[in-house]
Structure formats: structure tokens, C-alpha cells
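J.: To be precise about what I am sending: the file is called model.cif and holds mmCIF, C-alpha atoms and all ligand atoms.
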data_work
#
loop_
_atom_site.label_atom_id
_atom_site.label_comp_id
_atom_site.auth_asym_id
_atom_site.auth_seq_id
_atom_site.Cartn_x
_atom_site.Cartn_y
_atom_site.Cartn_z
CA MET S 20 -40.31 44.59 -49.22
CA ILE S 21 -42.52 47.18 -47.53
CA ASP S 22 -45.13 48.13 -50.09
CA LEU S 23 -46.43 51.68 -49.70
CA ARG S 24 -47.47 52.13 -53.34
CA SER S 25 -51.18 51.79 -52.69
CA ASP S 26 -53.80 50.40 -50.33
CA THR S 27 -54.89 48.15 -53.21
CA VAL S 28 -51.99 45.84 -52.27
CA THR S 29 -53.86 44.67 -49.17
CA LYS S 30 -54.48 40.91 -49.12
CA PRO S 31 -57.85 39.42 -48.16
CA THR S 32 -58.24 38.62 -44.44
CA GLU S 33 -58.75 35.09 -43.07
CA ALA S 34 -62.43 35.93 -42.56
CA MET S 35 -62.68 36.95 -46.22
CA LEU S 36 -61.06 33.72 -47.41
CA GLY S 37 -63.51 31.73 -45.25
CA ALA S 38 -66.50 33.67 -46.59
CA MET S 39 -65.28 33.19 -50.17
CA GLN S 40 -65.18 29.42 -49.69
CA SER S 41 -68.77 29.23 -48.56
CA ALA S 42 -70.18 31.77 -51.05
CA THR S 43 -72.91 31.01 -53.57
CA PHE S 44 -72.11 30.48 -57.27
CA GLY S 45 -75.22 31.88 -58.94
CA ASP S 46 -74.94 33.43 -62.40
CA ASP S 47 -75.29 37.11 -61.55
CA SER S 48 -75.81 38.02 -65.20
CA ARG S 49 -78.69 35.53 -65.65
CA ASP S 50 -80.73 34.68 -62.53
CA GLY S 51 -78.80 36.81 -60.01
CA ASP S 52 -76.53 35.63 -57.22
CA ALA S 53 -77.60 35.75 -53.58
CA THR S 54 -74.19 36.84 -52.23
CA VAL S 55 -73.83 39.62 -54.83
CA GLN S 56 -77.34 40.83 -54.00
CA GLN S 57 -76.50 40.82 -50.30
CA LEU S 58 -73.36 42.90 -50.96
CA GLU S 59 -75.28 45.37 -53.12
CA ALA S 60 -77.97 45.84 -50.44
CA LEU S 61 -75.36 46.19 -47.69
CA GLY S 62 -73.30 48.70 -49.71
CA ALA S 63 -76.37 50.82 -50.44
CA ALA S 64 -77.39 50.78 -46.77
CA LYS S 65 -73.87 51.82 -45.67
CA VAL S 66 -74.01 54.94 -47.85
CA GLY S 67 -77.72 55.68 -47.30
CA LYS S 68 -78.93 55.03 -50.86
CA GLN S 69 -81.83 52.92 -52.14
CA ALA S 70 -79.86 50.45 -54.23
CA GLY S 71 -76.42 49.39 -55.38
CA VAL S 72 -74.73 47.54 -58.23
CA PHE S 73 -71.46 45.60 -58.02
CA VAL S 74 -68.82 46.33 -60.68
CA PRO S 75 -65.26 45.04 -61.19
CA SER S 76 -63.30 48.27 -60.58
CA GLY S 77 -63.40 51.86 -59.42
CA THR S 78 -62.74 53.06 -62.95
CA MET S 79 -65.69 51.09 -64.28
CA SER S 80 -67.90 52.32 -61.43
CA ASN S 81 -67.10 55.88 -62.49
CA LEU S 82 -67.67 55.17 -66.17
CA VAL S 83 -71.00 53.41 -65.59
CA ALA S 84 -72.14 56.22 -63.27
CA MET S 85 -71.34 58.78 -66.00
CA LEU S 86 -73.23 56.79 -68.62
CA ALA S 87 -76.24 56.26 -66.38
CA HIS S 88 -76.43 59.95 -65.47
CA ALA S 89 -75.70 61.59 -68.79
CA ASN S 90 -76.64 59.08 -71.49
CA ARG S 91 -73.62 60.25 -73.54
CA GLY S 92 -74.33 63.94 -73.75
CA GLY S 93 -73.66 67.36 -72.24
CA GLU S 94 -70.83 68.47 -70.01
CA LEU S 95 -69.32 67.03 -66.85
CA VAL S 96 -67.91 69.55 -64.40
CA ALA S 97 -65.26 68.51 -61.87
CA GLU S 98 -62.17 69.79 -60.08
CA ALA S 99 -59.31 69.80 -62.59
CA THR S 100 -57.06 67.23 -60.89
CA SER S 101 -59.80 64.63 -60.38
CA HIS S 102 -58.91 60.96 -60.81
CA ILE S 103 -61.29 60.73 -63.79
CA PHE S 104 -59.07 63.25 -65.61
CA ASN S 105 -55.65 62.10 -64.36
CA SER S 106 -55.90 58.35 -64.40
CA GLU S 107 -58.93 57.07 -66.28
CA LEU S 108 -57.62 57.60 -69.82
CA GLY S 109 -60.30 60.00 -70.98
CA GLY S 110 -63.20 57.59 -70.57
CA VAL S 111 -65.35 60.62 -69.71
CA SER S 112 -65.17 61.75 -73.35
CA THR S 113 -64.19 58.70 -75.39
CA LEU S 114 -66.63 56.28 -73.74
CA ALA S 115 -69.13 58.31 -71.72
CA GLY S 116 -69.45 60.81 -74.59
CA MET S 117 -69.35 63.97 -72.49
CA TYR S 118 -67.50 67.19 -72.99
CA TYR S 119 -65.79 68.01 -69.69
CA ARG S 120 -64.63 71.04 -67.79
CA GLY S 121 -61.95 70.91 -65.12
CA LEU S 122 -62.34 73.70 -62.58
CA PRO S 123 -59.57 75.15 -60.42
CA GLY S 124 -59.66 74.09 -56.81
CA ALA S 125 -57.81 73.86 -53.52
CA ARG S 126 -57.08 70.52 -51.88
CA GLY S 127 -59.47 68.83 -54.30
CA ALA S 128 -62.36 71.20 -53.61
CA MET S 129 -63.40 73.06 -56.75
CA ASP S 130 -63.92 76.80 -56.66
CA LEU S 131 -67.66 77.18 -56.05
CA ASP S 132 -67.94 80.51 -57.90
CA GLU S 133 -66.47 78.77 -60.94
CA LEU S 134 -68.92 75.93 -60.44
CA ARG S 135 -71.81 78.40 -60.34
CA ALA S 136 -70.54 80.09 -63.49
CA HIS S 137 -70.23 76.80 -65.37
CA THR S 138 -73.34 74.91 -64.31
CA ARG S 139 -76.36 75.40 -66.55
CA ALA S 140 -79.57 73.48 -66.93
CA ARG S 141 -79.46 73.29 -70.72
CA MET S 142 -77.42 74.09 -73.78
CA THR S 143 -77.41 77.74 -74.84
CA ALA S 144 -76.37 79.33 -78.14
CA ASN S 145 -72.69 79.02 -77.24
CA LYS S 146 -72.44 76.90 -74.09
CA GLN S 147 -72.89 73.22 -73.45
CA GLY S 148 -75.54 72.16 -70.91
CA THR S 149 -74.30 70.48 -67.72
CA SER S 150 -75.13 66.80 -67.36
CA LEU S 151 -73.25 66.03 -64.19
CA VAL S 152 -71.35 67.68 -61.34
CA TRP S 153 -68.58 65.41 -60.04
CA VAL S 154 -66.78 65.53 -56.70
CA GLU S 155 -64.02 63.28 -55.34
CA THR S 156 -63.46 62.51 -51.66
CA THR S 157 -60.98 61.52 -50.42
CA HIS S 158 -59.11 63.27 -53.22
CA ASN S 159 -56.27 61.22 -54.62
CA ALA S 160 -54.20 63.91 -56.34
CA ALA S 161 -54.69 66.25 -53.37
CA GLY S 162 -52.90 63.73 -51.14
CA GLY S 163 -55.99 62.09 -49.66
CA ALA S 164 -57.62 65.42 -48.75
CA VAL S 165 -61.20 65.24 -47.51
CA LEU S 166 -63.85 67.58 -48.92
CA PRO S 167 -65.46 69.61 -46.11
CA LEU S 168 -69.18 68.80 -45.79
CA THR S 169 -70.06 72.49 -46.17
CA HIS S 170 -68.30 72.47 -49.55
CA MET S 171 -70.18 69.36 -50.63
CA SER S 172 -73.49 70.79 -49.51
CA GLU S 173 -72.91 74.06 -51.40
CA ALA S 174 -71.80 72.22 -54.54
CA LYS S 175 -74.95 70.13 -54.41
CA ALA S 176 -77.16 73.20 -53.93
CA ILE S 177 -75.55 74.93 -56.96
CA ALA S 178 -76.03 71.83 -59.12
CA HIS S 179 -79.59 71.12 -57.98
CA GLU S 180 -80.62 74.73 -58.56
CA GLN S 181 -80.00 73.96 -62.24
CA GLY S 182 -81.53 70.47 -62.02
CA VAL S 183 -78.09 68.86 -62.43
CA PRO S 184 -77.25 65.68 -60.47
CA VAL S 185 -74.10 65.25 -58.34
CA HIS S 186 -71.93 62.14 -58.19
CA ILE S 187 -69.21 61.35 -55.64
CA ASP S 188 -66.15 59.42 -56.73
CA GLY S 189 -65.77 57.95 -53.27
CA ALA S 190 -63.17 55.29 -54.01
CA ARG S 191 -62.11 55.87 -50.37
CA ILE S 192 -65.43 57.19 -49.03
CA PHE S 193 -65.08 55.40 -45.70
CA ASN S 194 -61.69 57.04 -45.16
CA ALA S 195 -63.37 60.40 -45.78
CA ALA S 196 -66.13 59.63 -43.29
CA ALA S 197 -63.63 58.41 -40.68
CA ALA S 198 -61.52 61.57 -41.06
CA LEU S 199 -64.62 63.76 -40.68
CA GLY S 200 -65.84 61.69 -37.74
CA VAL S 201 -69.25 61.14 -39.36
CA ASP S 202 -71.11 58.22 -40.89
CA ALA S 203 -70.57 57.62 -44.63
CA LYS S 204 -74.34 58.18 -45.05
CA GLU S 205 -73.89 61.77 -44.00
CA VAL S 206 -71.11 62.37 -46.54
CA CYS S 207 -73.18 60.75 -49.29
CA SER S 208 -76.30 62.71 -48.41
CA HIS S 209 -74.59 65.57 -50.26
CA ALA S 210 -74.86 63.81 -53.63
CA ASP S 211 -77.37 61.84 -55.67
CA THR S 212 -75.06 58.92 -56.33
CA VAL S 213 -71.72 57.55 -55.17
CA SER S 214 -69.18 54.99 -56.27
CA PHE S 215 -66.75 53.39 -53.82
CA CYS S 216 -64.14 50.63 -53.75
CA ILE S 217 -63.98 47.59 -51.51
CA SER S 218 -60.59 46.71 -53.05
CA LYS S 219 -58.53 49.47 -51.43
CA GLY S 220 -58.01 49.97 -47.68
CA LEU S 221 -60.94 47.65 -46.95
CA SER S 222 -58.78 44.74 -48.20
CA ALA S 223 -61.20 42.86 -50.47
CA PRO S 224 -59.40 41.51 -53.55
CA VAL S 225 -61.66 43.04 -56.22
CA GLY S 226 -64.63 45.30 -56.73
CA SER S 227 -66.53 48.53 -56.39
CA LEU S 228 -70.14 49.54 -55.91
CA ILE S 229 -72.27 52.27 -57.42
CA CYS S 230 -75.18 53.36 -55.22
CA GLY S 231 -78.17 55.61 -55.84
CA SER S 232 -81.92 55.51 -56.41
CA HIS S 233 -83.67 52.35 -57.68
CA ASP S 234 -84.22 53.98 -61.08
CA PHE S 235 -80.61 55.09 -61.42
CA ILE S 236 -79.24 51.68 -60.46
CA GLU S 237 -81.52 49.96 -62.96
CA ARG S 238 -80.01 52.16 -65.69
CA ALA S 239 -76.52 51.53 -64.31
CA ARG S 240 -77.14 47.77 -64.61
CA GLY S 241 -77.84 48.24 -68.31
CA PHE S 242 -74.66 50.24 -68.86
CA ARG S 243 -72.63 47.76 -66.78
CA ARG S 244 -73.78 45.07 -69.17
CA MET S 245 -72.95 47.29 -72.16
CA VAL S 246 -69.34 47.87 -71.06
CA GLY S 247 -68.80 44.22 -70.24
CA GLY S 248 -68.93 44.54 -66.47
CA ASN S 249 -71.34 41.70 -65.70
CA MET S 250 -69.39 39.13 -63.71
CA ARG S 251 -71.33 35.84 -63.81
CA GLN S 252 -70.35 33.76 -60.73
CA ALA S 253 -69.15 36.71 -58.66
CA GLY S 254 -70.38 35.29 -55.32
CA PRO S 255 -66.91 34.60 -53.87
CA ILE S 256 -65.57 38.10 -54.51
CA ALA S 257 -68.84 39.62 -53.28
CA ALA S 258 -68.48 37.52 -50.10
CA ALA S 259 -65.09 39.14 -49.45
CA GLY S 260 -66.73 42.52 -50.05
CA ILE S 261 -69.38 41.83 -47.40
CA VAL S 262 -66.64 41.11 -44.86
CA ALA S 263 -64.85 44.28 -46.02
CA LEU S 264 -67.91 46.44 -45.35
CA GLU S 265 -68.84 44.73 -42.10
CA ASN S 266 -65.42 44.31 -40.48
CA MET S 267 -62.85 46.55 -42.09
CA VAL S 268 -64.31 50.05 -42.02
CA ALA S 269 -63.75 50.54 -38.30
CA ARG S 270 -59.97 50.05 -38.56
CA LEU S 271 -59.35 52.75 -41.22
CA PRO S 272 -58.39 55.43 -38.63
CA GLU S 273 -55.38 53.25 -37.85
CA ASP S 274 -54.15 53.83 -41.44
CA HIS S 275 -54.64 57.57 -40.95
CA ARG S 276 -52.57 57.41 -37.76
CA THR S 277 -49.68 55.56 -39.45
CA ALA S 278 -49.80 58.01 -42.38
CA LYS S 279 -49.45 60.90 -39.94
CA ARG S 280 -46.55 59.16 -38.17
CA LEU S 281 -44.85 58.72 -41.55
CA ALA S 282 -45.43 62.37 -42.50
CA VAL S 283 -44.04 63.59 -39.17
CA GLY S 284 -40.94 61.41 -39.61
CA LEU S 285 -40.33 62.63 -43.17
CA HIS S 286 -40.94 66.23 -42.13
CA ARG S 287 -38.18 65.88 -39.51
CA ILE S 288 -35.77 64.83 -42.27
CA ASP S 289 -36.63 67.86 -44.40
CA ALA S 290 -39.46 70.21 -43.46
CA ARG S 291 -39.90 71.35 -47.06
CA ILE S 292 -41.05 68.01 -48.45
CA VAL S 293 -44.26 67.35 -46.54
CA ASP S 294 -46.61 69.14 -44.17
CA PRO S 295 -47.94 66.64 -41.62
CA ALA S 296 -50.92 68.92 -40.95
CA ALA S 297 -52.05 68.38 -44.56
CA VAL S 298 -52.20 64.60 -44.10
CA GLU S 299 -55.85 63.86 -43.34
CA THR S 300 -56.17 60.21 -44.34
CA ASN S 301 -53.89 57.37 -45.53
CA LEU S 302 -52.11 59.09 -48.45
CA VAL S 303 -48.88 61.04 -48.00
CA ARG S 304 -47.56 63.12 -50.90
CA VAL S 305 -43.89 64.01 -50.63
CA SER S 306 -42.35 66.73 -52.81
CA VAL S 307 -38.81 65.52 -53.42
CA GLY S 308 -38.22 68.12 -56.14
CA VAL S 309 -36.74 70.59 -53.62
CA SER S 310 -33.58 68.45 -53.72
CA GLY S 311 -33.47 68.68 -57.51
CA ARG S 312 -33.99 64.93 -57.60
CA LYS S 313 -36.74 63.33 -59.65
CA ALA S 314 -39.45 61.23 -58.01
CA ALA S 315 -38.58 58.23 -60.18
CA ASP S 316 -34.93 58.31 -59.00
CA CYS S 317 -35.95 58.55 -55.33
CA SER S 318 -38.42 55.74 -55.80
CA ALA S 319 -35.73 53.53 -57.37
CA ALA S 320 -33.29 54.33 -54.54
CA LEU S 321 -35.94 53.53 -51.92
CA LYS S 322 -36.75 50.27 -53.65
CA GLN S 323 -33.11 49.21 -53.31
CA ARG S 324 -33.58 49.68 -49.57
CA GLY S 325 -36.75 47.59 -49.51
CA ILE S 326 -39.35 50.38 -49.65
CA MET S 327 -41.81 50.58 -52.53
CA VAL S 328 -43.56 53.90 -53.21
CA SER S 329 -45.24 55.47 -56.26
CA PRO S 330 -43.79 58.38 -58.17
CA CYS S 331 -47.12 60.17 -58.72
CA ALA S 332 -45.69 63.19 -60.58
CA ALA S 333 -42.27 64.18 -61.89
CA TRP S 334 -41.24 65.62 -58.52
CA ASP S 335 -43.68 63.97 -56.10
CA LEU S 336 -43.81 60.60 -54.40
CA ARG S 337 -46.93 59.01 -52.95
CA PHE S 338 -46.80 56.82 -49.85
CA VAL S 339 -50.02 54.99 -48.90
CA THR S 340 -50.54 53.30 -45.54
CA HIS S 341 -52.80 50.28 -45.13
CA ARG S 342 -53.51 47.17 -43.08
CA HIS S 343 -50.04 45.64 -43.60
CA ILE S 344 -48.22 48.78 -42.47
CA GLY S 345 -47.66 49.24 -38.74
CA ASP S 346 -45.34 51.51 -36.78
CA ALA S 347 -42.32 49.26 -37.46
CA GLU S 348 -42.82 49.47 -41.24
CA VAL S 349 -43.34 53.23 -41.05
CA ASP S 350 -40.13 53.64 -39.06
CA GLN S 351 -38.18 51.51 -41.57
CA ALA S 352 -39.55 53.63 -44.41
CA ILE S 353 -38.47 56.82 -42.60
CA SER S 354 -34.93 55.43 -42.02
CA ALA S 355 -34.62 54.34 -45.66
CA PHE S 356 -35.79 57.76 -46.82
CA ALA S 357 -33.28 59.49 -44.53
CA ALA S 358 -30.45 57.41 -46.06
CA VAL S 359 -31.60 58.21 -49.61
CA TRP S 360 -32.00 61.88 -48.76
CA GLU S 361 -28.45 62.12 -47.29
CA ASN S 362 -27.05 60.90 -50.60
CA LYS S 363 -29.01 63.44 -52.58
C1 LIG S 401 -60.38 58.55 -56.42
C2 LIG S 401 -60.26 57.30 -57.23
N1 LIG S 401 -61.24 56.98 -58.09
C3 LIG S 401 -61.19 55.86 -58.82
C4 LIG S 401 -60.12 54.99 -58.74
C5 LIG S 401 -60.08 53.80 -59.65
O1 LIG S 401 -60.13 52.57 -59.00
P1 LIG S 401 -59.61 51.26 -59.76
O2 LIG S 401 -58.13 51.32 -59.74
O3 LIG S 401 -60.19 50.14 -58.98
O4 LIG S 401 -60.14 51.25 -61.15
C6 LIG S 401 -59.08 55.29 -57.85
C7 LIG S 401 -57.93 54.37 -57.75
O5 LIG S 401 -56.96 54.63 -57.07
C8 LIG S 401 -59.15 56.47 -57.09
O6 LIG S 401 -58.17 56.81 -56.24
#
Spell out the structure here as C-alpha cells.
Ligand SMILES: Cc1ncc(COP(=O)(O)O)c(C=O)c1O
T.:
Amino acid sequence: MIDLRSDTVTKPTEAMLGAMQSATFGDDSRDGDATVQQLEALGAAKVGKQAGVFVPSGTMSNLVAMLAHANRGGELVAEATSHIFNSELGGVSTLAGMYYRGLPGARGAMDLDELRAHTRARMTANKQGTSLVWVETTHNAAGGAVLPLTHMSEAKAIAHEQGVPVHIDGARIFNAAAALGVDAKEVCSHADTVSFCISKGLSAPVGSLICGSHDFIERARGFRRMVGGNMRQAGPIAAAGIVALENMVARLPEDHRTAKRLAVGLHRIDARIVDPAAVETNLVRVSVGVSGRKAADCSAALKQRGIMVSPCAAWDLRFVTHRHIGDAEVDQAISAFAAVWENK
């Protein structure tokens, strides 16, 4: 099978397995663990923040960041198709205790006039005060789109004018930086805090980091404990994360290249289903609805031909390229899609 459902399917590298074997086994919830601490310091340095905290998943990194920023109150403002709204089961309200407002946007970038209109320092007679402005880059539902740095800088200025902090859901922050051709530190300079995953295209088996100021991360550690995210002997998975950050960031442009090759191939089959110019990173969204066929049916037909993809909406498929996908796999996926499409 060729698995294009997500970059989370990547297996640890040989170097990761070696590092995991020689990792420390300290109790990170009691005395601390040296390998976890090394990963947290490295992660923070990579995104230009003072400190970091290791958590089990991207979803928990987002939840803990919300709790640490807002202390269960006020409103969170984000673009309406953000991952926190689409795929995190309402944790923003049920667990983080915030009212939320989804703003219209384009390619994952919220309308800044709307942001200005809906960001306020404190509660008024009939409006909630804003606790947190939230941005996502790369943007999952927008097909891996990258927020322009000018957009991020303006969003931050609007929020800070009202004394409101900004958080980046940067599950794939290093993909965003690679696509922009800048260091991740530069992307993250446009926010107070960031969460990112080592478990996606970077190939580590598990884990995410939240990074920000010393004070913020101390609060985040408390909330991590509260939601059950302390991991005890997490040294081995942190060791894989160190290898991910040190060795795997530089190869991400290769995933962007294969995604583009895939998009070009699919576009040749039917120009209506995907615009290769819109593919900026390793996600390719394909609108199969123009054929009148549902995404789930196309996905099932592709699976019969050895290609696994995700139906990410009723009429849209998502293909994700990663370390185990080279040109040969891309070309097989294109051929399988052509056969499925002919039988439409
Ligand atoms: C933008 C974004 N944020 C958060 C997450 C959640 O990560 P996890 O699946 O590790 O909880 C994802 C996962 O795909 C994501 O794409």
C-alpha cells in the first residue's frame, strides 16, 4: 500500500531508533528527565522562544496553550476553518472554557478587518473580551497553505494593540518556514507562543512542543499536569524528537516537491480538481465532487488499487506526501487515480 493519508504515518528513522535505545529513563513528572529537557530546550531554540514543554500530541499542545493563555475565560478568535474548530472536538469551549469566534478567511488567513472588529481588550456591556488570537500555519483545511508573514505581522499588531496574545498552531511550522524560505524563528516572531509537532513530517513517533516565555511555559506545565499530559519516562520518545529537529527539518522541501509533482499529475487528468499553483507544502486537496462522485467512494476505489488517501470533506480528498513517498509512489498514485477517474 502507498499511504498518502497523512505525514503522521512516517516511521522513525534508524538514527531515531538508535537514540531511543540510549536515552535516559528519568521520571519527567517527578525529578525531570535529561533527554526531555534537552528536547524542550532545542525546540524552544529552533522557534526562537525562551522555553518549551513536551506534550503527547498536537491536540493537547493546543489545549494546554489555550488554558495557559486564557485561564478558562473570554473569547478566542481564529479563522473559521482552523483545525481547533474542525478536528479537536470543541476542546476550546468544553475544556478550555472559552467562547470562540470563527472569522472568514482566504487560504487560512483570516480577514484582518474582521479581526480588528472582533478583538477587544475587555468585556463590554454586550461583547465578550478577547483572550487569545489564534493563527494556523501551515493551514490544514486550506490544503497546507502558508500564512504570509505580512499577514501574521498585521494580525499580531491588531491583537497586541488590545493587549491580546497571539498563538500559532504550527503543527507543521517547519513546512511553513521551508515554503517561505525563512527560519522558523522568523515565522514565530509574529506570535507570543507556538505549538508544533515532531510526529508529522519530521518522522518522530510521538509528541509535540509548546514554546513561549519562561512564565508562560511554567503555567503550561501546570495545565499539562491537569489534563493528564505528564509522561513519566518519556526519554526515549524525546530522543527521537531531538533527532527529528536536528536531522529531519532540512528534507521537508522534498515533500513539497513530491506534493507539487502529484498535483501536476492529477491536474493533467482533470484540470478542475486541483490547482498545482495552490500547493505550497506537502498537502494536496483534490475536489472530486466535479465528477458527482463522493470523496469516500473515490477513496475506497483508490484503496482497491493500493493507494490510501483521506476523504477530508464530502467532496474532497486529501493526499499528503512524506518521507516514504518518492517520485515512483507519486506516479503510481497518479496512475491509480487516472484509472478510478476513467470509471467515474
Ligand atoms: C494544524 C494542526 N493542528 C493540530 C493537529 C493535531 O495534532 P495531533 O493529531 O497530534 O493531535 C493537527 C493534526 O493533523 C494539525 O494539522
J.: Work out how far apart atom CA of Val213 of chain S and atom CA of Ala196 of chain S are and give it in Å to one decimal.
T.: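 Atom-to-atom, atom CA of Val213 of chain S and atom CA of Ala196 of chain S are spaced 13.3 Å apart.
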J.: Go through chain S residue by residue and, counting all atoms listed in the file, keep those with an atom at most 10 Å from ligand LIG 401 (chain S); for each kept residue give the shortest atom pair and its distance in Å to one decimal, ordered by chain and increasing number, as CSV.
T.:
residue,atom,partner,partner_atom,distance
S:Ser25,CA,S:LIG401,O5,7.8
S:Asp26,CA,S:LIG401,O5,8.6
S:Thr27,CA,S:LIG401,O5,7.8
S:Val74,CA,S:LIG401,O3,9.6
S:Pro75,CA,S:LIG401,O3,7.5
S:Ser76,CA,S:LIG401,O3,4.0
S:Gly77,CA,S:LIG401,O1,3.4
S:Thr78,CA,S:LIG401,O4,3.6
S:Met79,CA,S:LIG401,O4,6.4
S:Ser80,CA,S:LIG401,O4,7.8
S:Asn81,CA,S:LIG401,C3,7.0
S:Leu82,CA,S:LIG401,C3,9.8
S:Ser101,CA,S:LIG401,C1,7.3
S:His102,CA,S:LIG401,C1,5.2
S:Ile103,CA,S:LIG401,N1,6.8
S:Asn105,CA,S:LIG401,C2,9.8
S:Ser106,CA,S:LIG401,C5,7.8
S:Glu107,CA,S:LIG401,C5,7.5
S:Val154,CA,S:LIG401,C1,9.5
S:Glu155,CA,S:LIG401,C1,6.1
S:Thr156,CA,S:LIG401,C1,6.9
S:Thr157,CA,S:LIG401,C1,6.7
S:His158,CA,S:LIG401,C1,5.8
S:Asn159,CA,S:LIG401,O6,5.1
S:Ala160,CA,S:LIG401,O6,8.1
S:Gly163,CA,S:LIG401,O6,8.7
S:Ile187,CA,S:LIG401,C1,9.3
S:Asp188,CA,S:LIG401,N1,5.6
S:Gly189,CA,S:LIG401,C1,6.3
S:Ala190,CA,S:LIG401,C2,4.8
S:Arg191,CA,S:LIG401,C1,6.8
S:Ile192,CA,S:LIG401,C1,9.1
S:Ser214,CA,S:LIG401,N1,8.4
S:Phe215,CA,S:LIG401,N1,7.8
S:Cys216,CA,S:LIG401,O3,6.6
S:Ile217,CA,S:LIG401,O3,8.8
S:Ser218,CA,S:LIG401,O3,6.9
S:Lys219,CA,S:LIG401,O3,7.8
S:Val225,CA,S:LIG401,O3,7.8
S:Gly226,CA,S:LIG401,O3,6.9
S:Ser227,CA,S:LIG401,O3,7.0
J.: Given the choices S:Ala174, S:Asp22, S:Ala257, S:Ala278, which gets closest to Asp132 of chain S if the distance is worked out from only C-alpha atoms?
T.: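 Closest residue, counting only C-alpha atoms: S:Ala174.
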J.: In Å, with one decimal, what is the gap from atom CA of Thr212 of chain S to atom CA of Ala258 of chain S?
T.: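 That distance, rounded to one decimal, is 23.2 Å.
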J.: So that I can check the surroundings of Phe73 of chain S, please list as a list in words every protein, DNA and RNA residue that reaches within 8 Å of it, counting all atoms listed in the file and ignoring chain neighbours fewer than 3 positions away.
T.: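 So the residues in contact are Val55, Leu58, Glu59, Gly226, Ser227, Leu228 and Ile229 of chain S.
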J.: Nearest to Ala263 of chain S: which of S:Ala223, S:Ile21, S:Val293, S:Val307 is it, counting only C-alpha atoms?
T.: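 Comparing S:Ala223, S:Ile21, S:Val293, S:Val307 against Ala263 of chain S, the winner is S:Ala223.
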J.: Between atom CA of Val96 of chain S and atom CA of Ala140 of chain S, what distance in Å does the model show, to one decimal?
T.: 12.6 Å
J.: Which neighbours of Pro123 of chain S fall inside 7 Å, counting only C-alpha atoms, when residues of the same chain fewer than 3 positions from it are skipped, and could you give them as a PyMOL selection string?
T.: chain S and resi 98-99+129-130
J.: Between S:Pro255, S:Gly121, S:Gly92, S:Gly182, single out the one closest to Ser41 of chain S, counting all atoms listed in the file.
T.: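 Once distances to Ser41 of chain S are computed over all atoms listed in the file, the minimum belongs to S:Pro255.
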J.: Of the candidates S:Gly162, S:Gly247, S:Gly241, S:Gly116, which shows the shortest atom-to-atom distance to Phe338 of chain S, using all atoms listed in the file?
T.: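 Checking each of S:Gly162, S:Gly247, S:Gly241, S:Gly116 against Phe338 of chain S, counting all atoms listed in the file, the winner is S:Gly162.
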J.: Could you give me the axis-aligned bounding box of segment 327-331 of chain S, with 4 Å of padding per side, as centre plus edge lengths in Å to one decimal, as JSON?
T.:
{"center_x": -44.5, "center_y": 55.4, "center_z": -55.6, "size_x": 13.3, "size_y": 17.6, "size_z": 14.2}
J.: Using only C-alpha atoms, pick whichever of S:Gly71, S:Gly248, S:Gly220, S:Pro272 has the shortest atom-to-atom distance to Val83 of chain S.
T.: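 Residue with the minimum atom-to-atom distance to Val83 of chain S: S:Gly248.
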J.: Identify which of the residues S:His179, S:Pro31, S:Gly93, S:Val201 lies closest to Lys146 of chain S, counting only C-alpha atoms when measuring atom-to-atom distances.
T.: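 The answer is S:Gly93, which sits nearest to Lys146 of chain S.
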J.: Excluding Leu95 of chain S and any residue of its chain fewer than 3 positions from it, enumerate the residues within 7 Å of it, using all atoms listed in the file, and give them as number ranges by chain.
T.: S: 117-120, 149-152
J.: What's the 10 Å shell around Arg312 of chain S, counting all atoms listed in the file, without same-chain residues fewer than 6 positions away, as a VMD selection string?
T.: chain S and resid 306 333 to 335 360 363
